[in-house]
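Q: Handing you this structure, nothing more for now.
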Amino acid sequence: MKFLGTLSLLIGAAVASPFHHARQSTKTPDSFYLKTSGSENSAHNDLYVYGYHTGAALNDAVLTPDLDTASKGFLNGTQVQFDFNTTFPWGLYPIGVTNYAAWQFVELNVGYGAEGFFVNSTGLQWSEQNGFGGWLVCDWYHNAPQLFYIYRFYTAEYPASCSRVKLLTESA
Ligand SMILES: *[C@@H]1O[C@H](CO)[C@@H](O)[C@H](O)[C@H]1NC(C)=O
Ligand SMILES: *[C@@H]1O[C@H](CO)[C@@H](O)[C@H](O)[C@H]1NC(C)=O
Ligand SMILES: *[C@@H]1O[C@H](CO)[C@@H](O)[C@H](O)[C@H]1NC(C)=O
């Protein structure tokens with residue numbers, strides 16, 4: 001009995017040890033999932049960004065509660081890229097406003113992504129010079145919540161199905 005007790009303690013210690021090395025840093029993780037937080041609509045919180053295929057080399061930034069579906073990203077300088085295990089890169093592209101829109105699509109497309117991203121204590125940010133005024137989630141036409149960004153140079157009077165969110169980087 002004593003031997004068994006010691007053995008199970010040893011096994012317990014071996015199993016537990018990886019967690020002792022878990023990173024407690026507030027730095028941007030090397031590899032991350034983008035997770036919504038802080039919405040006044042609880043159905044828009046704790047959702048992960050993934051690439052919803054819309055055409056060759058094109059994906060909309062749609063949201064899912066399912067971690068297995070989530071797209072794994074990393075920061076390369078000021079560009080956000082995604083690891084889709086292809087020989088060519090995929091990046092995060094907030095679509096430019098050329099139509100006087102007050103909010104606009106966000107896509108995960110072939111390429112290194114738009115420049116101007118950074119992470120601070122309120123999550124992933126894009127350059128205000130490019131018009132970034134925060135993230136918006138709307139229940140949209142892929143029959144799921146979808147990610148948009150607010151174009152800060154116009155006043156966004158978005159529909160009730162939309163809400164503002166933060167996009168936190170959760171270590172992958
Ligand atoms: C980072 O981006 C640059 C171009 O902006 C590219 O040359 C380089 O391969 C990228 N790094 C990775 C790991 O994809
Ligand atoms: C990545 O792609 C390679 C080559 O196509 C494949 O052998 C490997 O299993 C893939 N890895 C994952 C995690 O899908
Ligand atoms: C993070 O960056 C955004 C965009 O530049 C800014 O509005 C926000 O105040 C910053 N948050 C903190 C805590 O500095």
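Identifiers for the structure tokens are assigned positionally: chains receive A, B, ... in sequence, residues are indexed from 1 per chain, and ligands are indexed from 1 in the order shown.
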Once you count only C-alpha atoms and all ligand atoms, which residues end up within 12 Å of ligand 1, and could you hand them over as a PyMOL selection string?

A: chain A and resi 30-31+73-91+110-116

Q: Set the distance at 12 Å and use only C-alpha atoms: which residues neighbour Tyr52 of chain A once local chain neighbours fewer than 5 positions away are removed? I'd like the list as a VMD selection string.

A: chain A and resid 57 to 64 69 to 71 106 to 109 141 to 147

Q: Grab the residues selected above and save them as a compact mmCIF listing (two decimals), in the first residue's frame with N, CA and C atoms.

A:
```txt
# COMPACT_ATOMS: atom_id res chain seq x y z
N ALA A 57 -8.44 31.60 -52.34
CA ALA A 57 -7.54 32.47 -51.59
C ALA A 57 -8.25 33.47 -50.68
N LEU A 58 -9.57 33.30 -50.50
CA LEU A 58 -10.34 34.27 -49.72
C LEU A 58 -11.14 33.60 -48.61
N ASN A 59 -11.14 34.24 -47.44
CA ASN A 59 -11.96 33.78 -46.32
C ASN A 59 -12.51 34.99 -45.58
N ASP A 60 -13.75 34.90 -45.11
CA ASP A 60 -14.28 35.92 -44.21
C ASP A 60 -13.88 35.55 -42.78
N ALA A 61 -13.71 36.58 -41.93
CA ALA A 61 -13.39 36.34 -40.51
C ALA A 61 -14.70 36.07 -39.78
N VAL A 62 -15.03 34.79 -39.63
CA VAL A 62 -16.26 34.37 -38.96
C VAL A 62 -15.87 33.86 -37.57
N LEU A 63 -16.86 33.78 -36.67
CA LEU A 63 -16.57 33.45 -35.27
C LEU A 63 -17.24 32.14 -34.87
N THR A 64 -16.52 31.40 -34.04
CA THR A 64 -17.00 30.09 -33.59
C THR A 64 -16.63 29.88 -32.13
N THR A 69 -11.98 24.56 -34.61
CA THR A 69 -12.25 25.27 -35.87
C THR A 69 -11.43 26.57 -35.95
N ALA A 70 -11.03 27.11 -34.79
CA ALA A 70 -10.36 28.41 -34.73
C ALA A 70 -9.07 28.42 -35.55
N SER A 71 -8.75 29.57 -36.14
CA SER A 71 -7.53 29.73 -36.93
C SER A 71 -6.39 30.20 -36.03
N VAL A 106 -13.54 42.07 -42.51
CA VAL A 106 -12.19 41.63 -42.17
C VAL A 106 -12.03 40.26 -42.82
N GLU A 107 -10.92 40.03 -43.51
CA GLU A 107 -10.74 38.76 -44.23
C GLU A 107 -9.40 38.11 -43.89
N LEU A 108 -9.36 36.79 -44.10
CA LEU A 108 -8.12 36.01 -43.93
C LEU A 108 -7.78 35.50 -45.33
N ASN A 109 -6.87 36.20 -46.00
CA ASN A 109 -6.60 35.92 -47.41
C ASN A 109 -5.15 35.53 -47.64
N TYR A 141 -24.34 36.94 -42.74
CA TYR A 141 -24.93 36.08 -43.76
C TYR A 141 -24.29 34.70 -43.93
N HIS A 142 -23.30 34.37 -43.13
CA HIS A 142 -22.86 32.97 -43.11
C HIS A 142 -23.60 32.22 -41.99
N ASN A 143 -24.69 32.85 -41.51
CA ASN A 143 -25.51 32.28 -40.44
C ASN A 143 -24.71 32.10 -39.15
N ALA A 144 -23.85 33.07 -38.89
CA ALA A 144 -23.00 33.01 -37.70
C ALA A 144 -22.52 34.43 -37.40
N PRO A 145 -22.06 34.68 -36.18
CA PRO A 145 -21.45 35.97 -35.89
C PRO A 145 -20.19 36.15 -36.74
N GLN A 146 -20.00 37.37 -37.22
CA GLN A 146 -18.86 37.66 -38.11
C GLN A 146 -18.14 38.91 -37.62
N LEU A 147 -16.82 38.95 -37.87
CA LEU A 147 -15.99 40.06 -37.41
C LEU A 147 -15.94 41.18 -38.46
```

Q: Could you list, as a list in words, all protein and nucleic acid residues with an atom at most 8 Å from ligand 3, counting only C-alpha atoms and all ligand atoms?

A: Phe118, Val119, Asn120, Ser121, Thr122, Gly123, Leu124, Gln125, Trp126, Ser127, Glu128, Phe132, Gly133 and Gly134 of chain A

Q: Would you list the contacts of Thr98 of chain A as a list in words, taking every protein, DNA or RNA residue within 12 Å and counting only C-alpha atoms, but skipping same-chain residues closer than 4 positions in sequence?

A: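 Here the qualifying residues turn out to be Ala102, Trp103, Gln104, Phe105, Gly131 and Tyr151 of chain A.
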
Q: Between A:Ser39, A:Leu168, A:Lys72, A:Val49, which residue has the minimum interatomic distance to ligand 2, considering only C-alpha atoms and all ligand atoms?

A: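 Under the stated criterion, the closest residue is A:Lys72.
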
Q: With distances taken over only C-alpha atoms and all ligand atoms, which of A:Thr36, A:Gly55, A:Asp68, A:Leu136 is nearest to ligand 2?

A: A:Asp68

Q: Quote the spacing between atom CA of Leu47 of chain A and atom CA of Gly96 of chain A in Å to one decimal place.

A: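 Going from atom CA of Leu47 of chain A over to atom CA of Gly96 of chain A, I get 24.2 Å.
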
Q: One number please: atom CA of Ala156 of chain A to atom CA of Pro65 of chain A, in Å, one decimal.

A: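 Interatomic distance here is 26.3 Å.
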
Q: Taking the DSSP assignment computed from this structure's backbone, write out as an MDAnalysis selection string all residues of chain A that belong to alpha helix (DSSP H).

A: chainID A and resid 2:20

Q: Run DSSP on the backbone and tell me which residues of segment 43-105 of chain A come out as strand (DSSP E or B); list them as a PyMOL selection string.

A: chain A and resi 48-55+58-64+73-76+79-82+90-94+103-105
